[in-house]
Amino acid sequence: MSNIRFNNSRRAFLKNISLSSGGLLLGFSFMDAEASDMPALMPKDVDVAGFNSYISIANDGIVSVFSPNPELGQNIRTSFAMVVCDELDADWNKVKVIQAPLDTTKFDRQLTGGSGAIPHSWKRLRNAGATARYLLVAAAAAKWNVPASECTTENGYVLHKASGKKAGYGELATAASKITVPGEVKLKDPKDFKLIGKPIRNVENQNIVTGKPLFGLDFYRDGMVYATIQRPPAFGQKIKSVNADEAKSMPGIIDVVTFKNNVAVVGRSTWDVLKAKKTLVVEYEAEKTLESSADHAQIFSKLMESTDAKVRRKDGDVEAAFKNAAKVIKTEYECPFVPHNPLEPMNFFAHVREDGIELVGPTQTPGAARKAVSDLLKVPEDKITVDITRLGGGFGRRLKFDYVVEAAELSSIIKKPVKVIWTREDDMGGGSYRPAVRYRFEAALDANNEIIGYKCRGVGINVENPMRQDNFPSGSIDNLLIDSVEHQSPITTGAWRAPVTNFLAFAEQSFLDEIALATGKDPVQMRLDLLKRAKEKPVGPIRYDIDRMATVIKTVAEKAQWGKKKDVFQGFSVYFSHASYVGQVCEVVMKDGKPKVQKIYAVSDCGVVINSSGALQQVMGGITDGYGTAMFGKLSFRNGEPEQKNFDRYRLIRMNEIFDIDASFVNNGIDPTGLGEPALPPTGGAVANAIFKATGVRIKKQPFIDQAPFKS
Amino acid sequence: MAVFNLHVNGKEQKVDVAEDTPLLWVLRDHLRLVGTKFGCGVGQCGACTVHMDGAPLRSCLMPVNAVGNAKITTIEGLSEKGDHPLQKAWDEVDVPQCGYCQSGQIMTAAALLKRTPRPTMEEIQNTMHGNLCRCGAYHRIREAVKVASTKTPTTKTK
């Protein structure tokens, strides 16, 4: 058993709160055991100041778990509750999960992104469940006058086997609420987990399949008006003139308001405003360069030769290595802009009142959104509430809060509660894209085909750092240079599921395949050899765990019978992203003269798997997304304007384009390291490498569908 | 503006809206049946799928004045207790990720099973490929349709 000790000189991590209605309410700081000055997160009828999550056990035995993180399909609500309830030994059929209806200042992780929720909260959640269990056991022991050590718990009951006594959590809850919370509790031995690691169905399934109002777009408030906003069609434009006469005269239209570069049509229904928006006559003028995709190609070529790159990592003497090389391999890879396209378009409800601001909708970052609204409208944050609805997908788009701020600004102008709705065209044309990038890789080989030097330059548009300089293969090569150059563009970009690694992994894993081919090595063995070098003779800082990476490589190679199959062409890829490791083998067959992906094997090391059903969803969905985007995803520009604005021209993967996925987990007992993103990055490389095997054609650009062998 | 009498989920509903209002927005804004989702507005994603006299329909493209006396079924009216074999299969197979597309997926699948109670995998794919799932939950959607097809309906579908 493992113990967690808390610093008692600080604010108590857990607090027992008496409920007037009876029962047990345990407030806990899910964020940080040592966070100070934590403001209140208040369930409607009780003051739990200082805590940001709670478990309550009512007299009828219903256990409620309060889940603070935005839910966008990563199934966090189910996983959170599973962890708490496993330690608590609760009856899963009596568990309710409640979405935090509020946010708080100084709340350091009420966000969804970076595959971080579970890693961040694992121990805290376990501790909360174990503490509640401790209190219930203590209450039962006192009631029965037996030592607590003789009591056990099972499925919502405390048992005293010697005397045959048994009491439900509900009947013990009120007594438990009067017991002092211990400074230290014992956590379960993982072999005793009853929920963790099992396939537990999403707690929201029934509401989803019956069409209950869960999402931001479903939110409705009496007296609310609807709005849609005409934004500049091209990046780099500003409004020159607005003629809204016709729109204003249309039935159901309340007002047309221009603010910043927005023309907002406000009306009584969604259709009224969408229709009126089409009649707006807005003239725009360029205030910045209106860039086209052809310009970007030239910009990339120029930046590749820049003498002013930012050095991200430098090991050894790269120049000498390349001078002394027996052979040099040099290649470039490129990925375009892609939109996030969550199926629920951006939308938000805002009501700016005299006494404060109410915000309701789908956001991955409620805290940052509130701060931005506070800054803009000069309203203190404690006068602003944010209710988080379920998110109809996020993929990083809802880490930006432009659509929240805009709704609040509009409400402050029209002085009404308003819901701003984006159309798909607004959403796809509205920015925050995955940045477009190009990479140049160079490898210097000696006469024995050993890699003696390695260079990678990444150039990108509004990408900041397109490199992960301390990732593999860094650490395994003596002389290495990684640098980058950025072009600043009016086209806005942002995090897209597995930021940077979602394109870098494709390029890098393809390049490693090229090296293997050039040196006559097996791609799997070559990676293992490099890892061995990194372990025996590490060069510089290494951010990845060498053994964990080697294990997923070996495991997936074995599972897929790497190199042993005759009827398929296999491609290999492995990537470390966020804090987890995923190895993939893609199998391609030739059909009608074209390569076709038949299957992908994936082995993931994300530490302990919480929910084996949810984990499979993340891996299978990540691979499907990774493949679909590599294969079809492209947003191109003409004079600053996106050329694809809806699903008629932007191609998303569909059901008849999927393939078999064999997903499994290493499950090494390491504390969870996250799974929302890590399965996506390796896919593009695995597919491209398999296609090369099948056709001899090396795909160097996304989307693959625009390249040979798919296009001649 | 004009008044329309609609048959939705077995009930008569009177709405006073612009004649060209797509059925989608009548359902969502005026009848508060928000299970039918808006995804693209151009009939490409399938999130807005409902049944019109039992056949699948993209409600974002159907103006209310063309609905006439047709019987409309939305996800809310697919079964009385939320226990249509597809709804049960969706839970059993644990299909939803974000869940936004799922009403449309289920409505498309329900129309398929009504027409073809025992579809092959190929028939499932060829029917369901019109519904986008951005989370990529296609494997489980396909499996759930198959699971539902093997079970006798426990309630009469509308």
# chains A, B, ... in the order shown; residues from 1 in each chain; ligands from 1

call {"tool": "interface_residues", "arguments": {"of": "chain A", "to": "chain B", "cutoff": "8 Å", "atoms": "only C-alpha atoms", "output": "ChimeraX atom specification"}}
result
/A:71-75,201-202,205-206,208-213,215,218,269-271,341-345,390-393,423-425,613,617,620-622,624-625,646-648,652-656,658

call {"tool": "residues_around", "arguments": {"residues": "Ala173 of chain A", "least_positions_apart": "6", "cutoff": "10 Å", "atoms": "only C-alpha atoms", "output": "NGL selection string"}}
result
:A and (22-25 or 56-61 or 132 or 135-136 or 139-140)

call {"tool": "write_last_selection", "arguments": {"atoms": "C-alpha atoms", "output": "compact mmCIF listing (two decimals), in the first residue's frame"}}
result
# COMPACT_ATOMS: atom_id res chain seq x y z
CA GLY A 22 -27.64 14.98 6.53
CA GLY A 23 -25.19 12.87 4.59
CA LEU A 24 -21.50 13.38 3.96
CA LEU A 25 -19.96 16.09 1.87
CA SER A 56 -21.12 13.75 -1.42
CA ILE A 57 -22.84 10.72 -0.04
CA ALA A 58 -26.53 11.20 0.60
CA ASN A 59 -28.57 9.25 3.11
CA ASP A 60 -29.97 7.11 0.31
CA GLY A 61 -26.45 6.00 -0.57
CA ALA A 132 -14.30 9.21 2.28
CA LEU A 135 -14.60 8.24 7.38
CA LEU A 136 -17.37 5.76 6.62
CA ALA A 139 -18.38 5.81 11.58
CA ALA A 140 -19.31 2.14 11.31

call {"tool": "atom_distance", "arguments": {"atom1": "atom CA of Lys400 of chain A", "atom2": "atom CA of Thr385 of chain A"}}
result
17.8 Å

call {"tool": "residues_around", "arguments": {"residues": "Leu528 of chain A", "least_positions_apart": "4", "cutoff": "7 Å", "atoms": "only C-alpha atoms", "output": "number ranges by chain"}}
result
A: 524, 532, 550

call {"tool": "decode", "arguments": {"residues": "segment 217-342 of chain A", "atoms": "C-alpha atoms", "output": "compact mmCIF listing (two decimals), in the first residue's frame"}}
result
# COMPACT_ATOMS: atom_id res chain seq x y z
CA LEU A 217 -25.71 25.13 -28.83
CA ASP A 218 -28.57 23.49 -26.93
CA PHE A 219 -28.55 26.09 -24.18
CA TYR A 220 -31.58 28.33 -24.09
CA ARG A 221 -32.65 31.09 -21.74
CA ASP A 222 -35.98 32.95 -21.67
CA GLY A 223 -35.57 36.41 -23.14
CA MET A 224 -32.43 35.42 -24.99
CA VAL A 225 -31.79 36.78 -28.48
CA TYR A 226 -29.77 35.13 -31.24
CA ALA A 227 -26.87 36.62 -33.12
CA THR A 228 -24.61 35.74 -35.96
CA ILE A 229 -21.54 37.70 -36.91
CA GLN A 230 -20.11 38.62 -40.27
CA ARG A 231 -16.34 38.65 -39.88
CA PRO A 232 -13.81 39.63 -42.56
CA PRO A 233 -13.67 36.82 -45.13
CA ALA A 234 -9.91 37.14 -45.52
CA PHE A 235 -7.20 37.35 -42.88
CA GLY A 236 -5.62 40.80 -42.97
CA GLN A 237 -8.78 42.72 -43.87
CA LYS A 238 -10.70 45.36 -42.00
CA ILE A 239 -14.13 46.87 -42.50
CA LYS A 240 -14.36 49.85 -44.83
CA SER A 241 -18.11 50.31 -44.89
CA VAL A 242 -21.27 48.57 -43.76
CA ASN A 243 -24.71 48.75 -45.30
CA ALA A 244 -27.18 46.81 -43.18
CA ASP A 245 -30.37 48.54 -44.31
CA GLU A 246 -31.96 45.47 -45.80
CA ALA A 247 -30.99 43.24 -42.87
CA LYS A 248 -32.46 45.72 -40.39
CA SER A 249 -35.76 45.75 -42.21
CA MET A 250 -36.17 42.00 -42.21
CA PRO A 251 -38.69 40.26 -39.96
CA GLY A 252 -37.33 39.00 -36.67
CA ILE A 253 -34.28 41.28 -36.77
CA ILE A 254 -33.75 43.40 -33.67
CA ASP A 255 -30.56 45.18 -34.55
CA VAL A 256 -27.37 45.12 -36.57
CA VAL A 257 -24.30 46.19 -34.62
CA THR A 258 -20.80 46.84 -35.84
CA PHE A 259 -17.93 46.48 -33.39
CA LYS A 260 -14.24 46.00 -34.17
CA ASN A 261 -14.27 44.05 -37.43
CA ASN A 262 -17.57 42.36 -36.65
CA VAL A 263 -21.00 43.04 -37.99
CA ALA A 264 -23.45 41.30 -35.68
CA VAL A 265 -27.00 40.58 -36.76
CA VAL A 266 -29.24 40.23 -33.73
CA GLY A 267 -32.70 38.69 -33.95
CA ARG A 268 -35.37 36.46 -32.56
CA SER A 269 -34.33 33.13 -34.05
CA THR A 270 -31.30 31.50 -35.61
CA TRP A 271 -32.85 31.41 -39.06
CA ASP A 272 -33.86 35.08 -38.91
CA VAL A 273 -30.28 36.14 -38.25
CA LEU A 274 -28.67 33.71 -40.69
CA LYS A 275 -30.93 34.91 -43.46
CA ALA A 276 -30.44 38.57 -42.70
CA LYS A 277 -26.67 38.15 -42.55
CA LYS A 278 -26.68 37.18 -46.22
CA THR A 279 -28.10 40.57 -47.14
CA LEU A 280 -25.32 42.57 -45.47
CA VAL A 281 -23.22 44.64 -47.82
CA VAL A 282 -19.85 44.98 -46.15
CA GLU A 283 -16.86 46.43 -47.92
CA TYR A 284 -13.44 45.42 -46.68
CA GLU A 285 -9.97 46.78 -47.25
CA ALA A 286 -6.61 45.19 -46.69
CA GLU A 287 -4.75 46.33 -43.63
CA LYS A 288 -2.14 43.58 -43.81
CA THR A 289 -0.82 41.35 -46.58
CA LEU A 290 -3.48 39.04 -47.96
CA GLU A 291 -1.49 35.82 -48.24
CA SER A 292 -2.09 32.91 -50.59
CA SER A 293 -0.83 29.35 -50.31
CA ALA A 294 1.53 29.98 -53.23
CA ASP A 295 3.11 32.80 -51.17
CA HIS A 296 3.59 30.42 -48.28
CA ALA A 297 5.49 27.96 -50.45
CA GLN A 298 7.90 30.74 -51.40
CA ILE A 299 8.16 31.98 -47.83
CA PHE A 300 9.07 28.47 -46.68
CA SER A 301 11.80 28.18 -49.29
CA LYS A 302 13.23 31.52 -48.20
CA LEU A 303 13.11 30.71 -44.49
CA MET A 304 14.87 27.41 -45.14
CA GLU A 305 17.93 29.43 -46.19
CA SER A 306 17.65 31.96 -43.38
CA THR A 307 20.84 32.67 -41.45
CA ASP A 308 18.78 33.90 -38.53
CA ALA A 309 17.21 30.70 -37.22
CA LYS A 310 16.52 30.16 -33.57
CA VAL A 311 18.68 27.32 -32.30
CA ARG A 312 16.56 24.92 -30.28
CA ARG A 313 19.24 22.36 -29.54
CA LYS A 314 22.87 21.88 -30.41
CA ASP A 315 24.97 18.87 -29.49
CA GLY A 316 28.58 18.26 -30.50
CA ASP A 317 30.09 19.61 -33.71
CA VAL A 318 27.51 19.28 -36.45
CA GLU A 319 29.54 21.07 -39.12
CA ALA A 320 32.46 18.72 -38.71
CA ALA A 321 30.20 15.70 -38.77
CA PHE A 322 28.68 16.71 -42.08
CA LYS A 323 32.10 17.62 -43.51
CA ASN A 324 33.43 14.20 -42.62
CA ALA A 325 30.35 12.30 -43.72
CA ALA A 326 30.66 9.45 -46.21
CA LYS A 327 27.07 10.10 -47.20
CA VAL A 328 24.44 12.76 -46.54
CA ILE A 329 20.67 12.31 -46.78
CA LYS A 330 18.57 15.43 -47.12
CA THR A 331 14.80 15.73 -47.42
CA GLU A 332 11.96 18.13 -46.90
CA TYR A 333 8.47 17.42 -45.59
CA GLU A 334 5.48 19.72 -45.52
CA CYS A 335 2.06 19.98 -43.86
CA PRO A 336 -0.69 22.48 -44.65
CA PHE A 337 -3.01 24.46 -42.42
CA VAL A 338 -5.95 22.46 -41.13
CA PRO A 339 -9.04 23.62 -39.26
CA HIS A 340 -10.20 21.87 -36.10
CA ASN A 341 -13.76 21.36 -37.26
CA PRO A 342 -15.39 20.23 -34.04
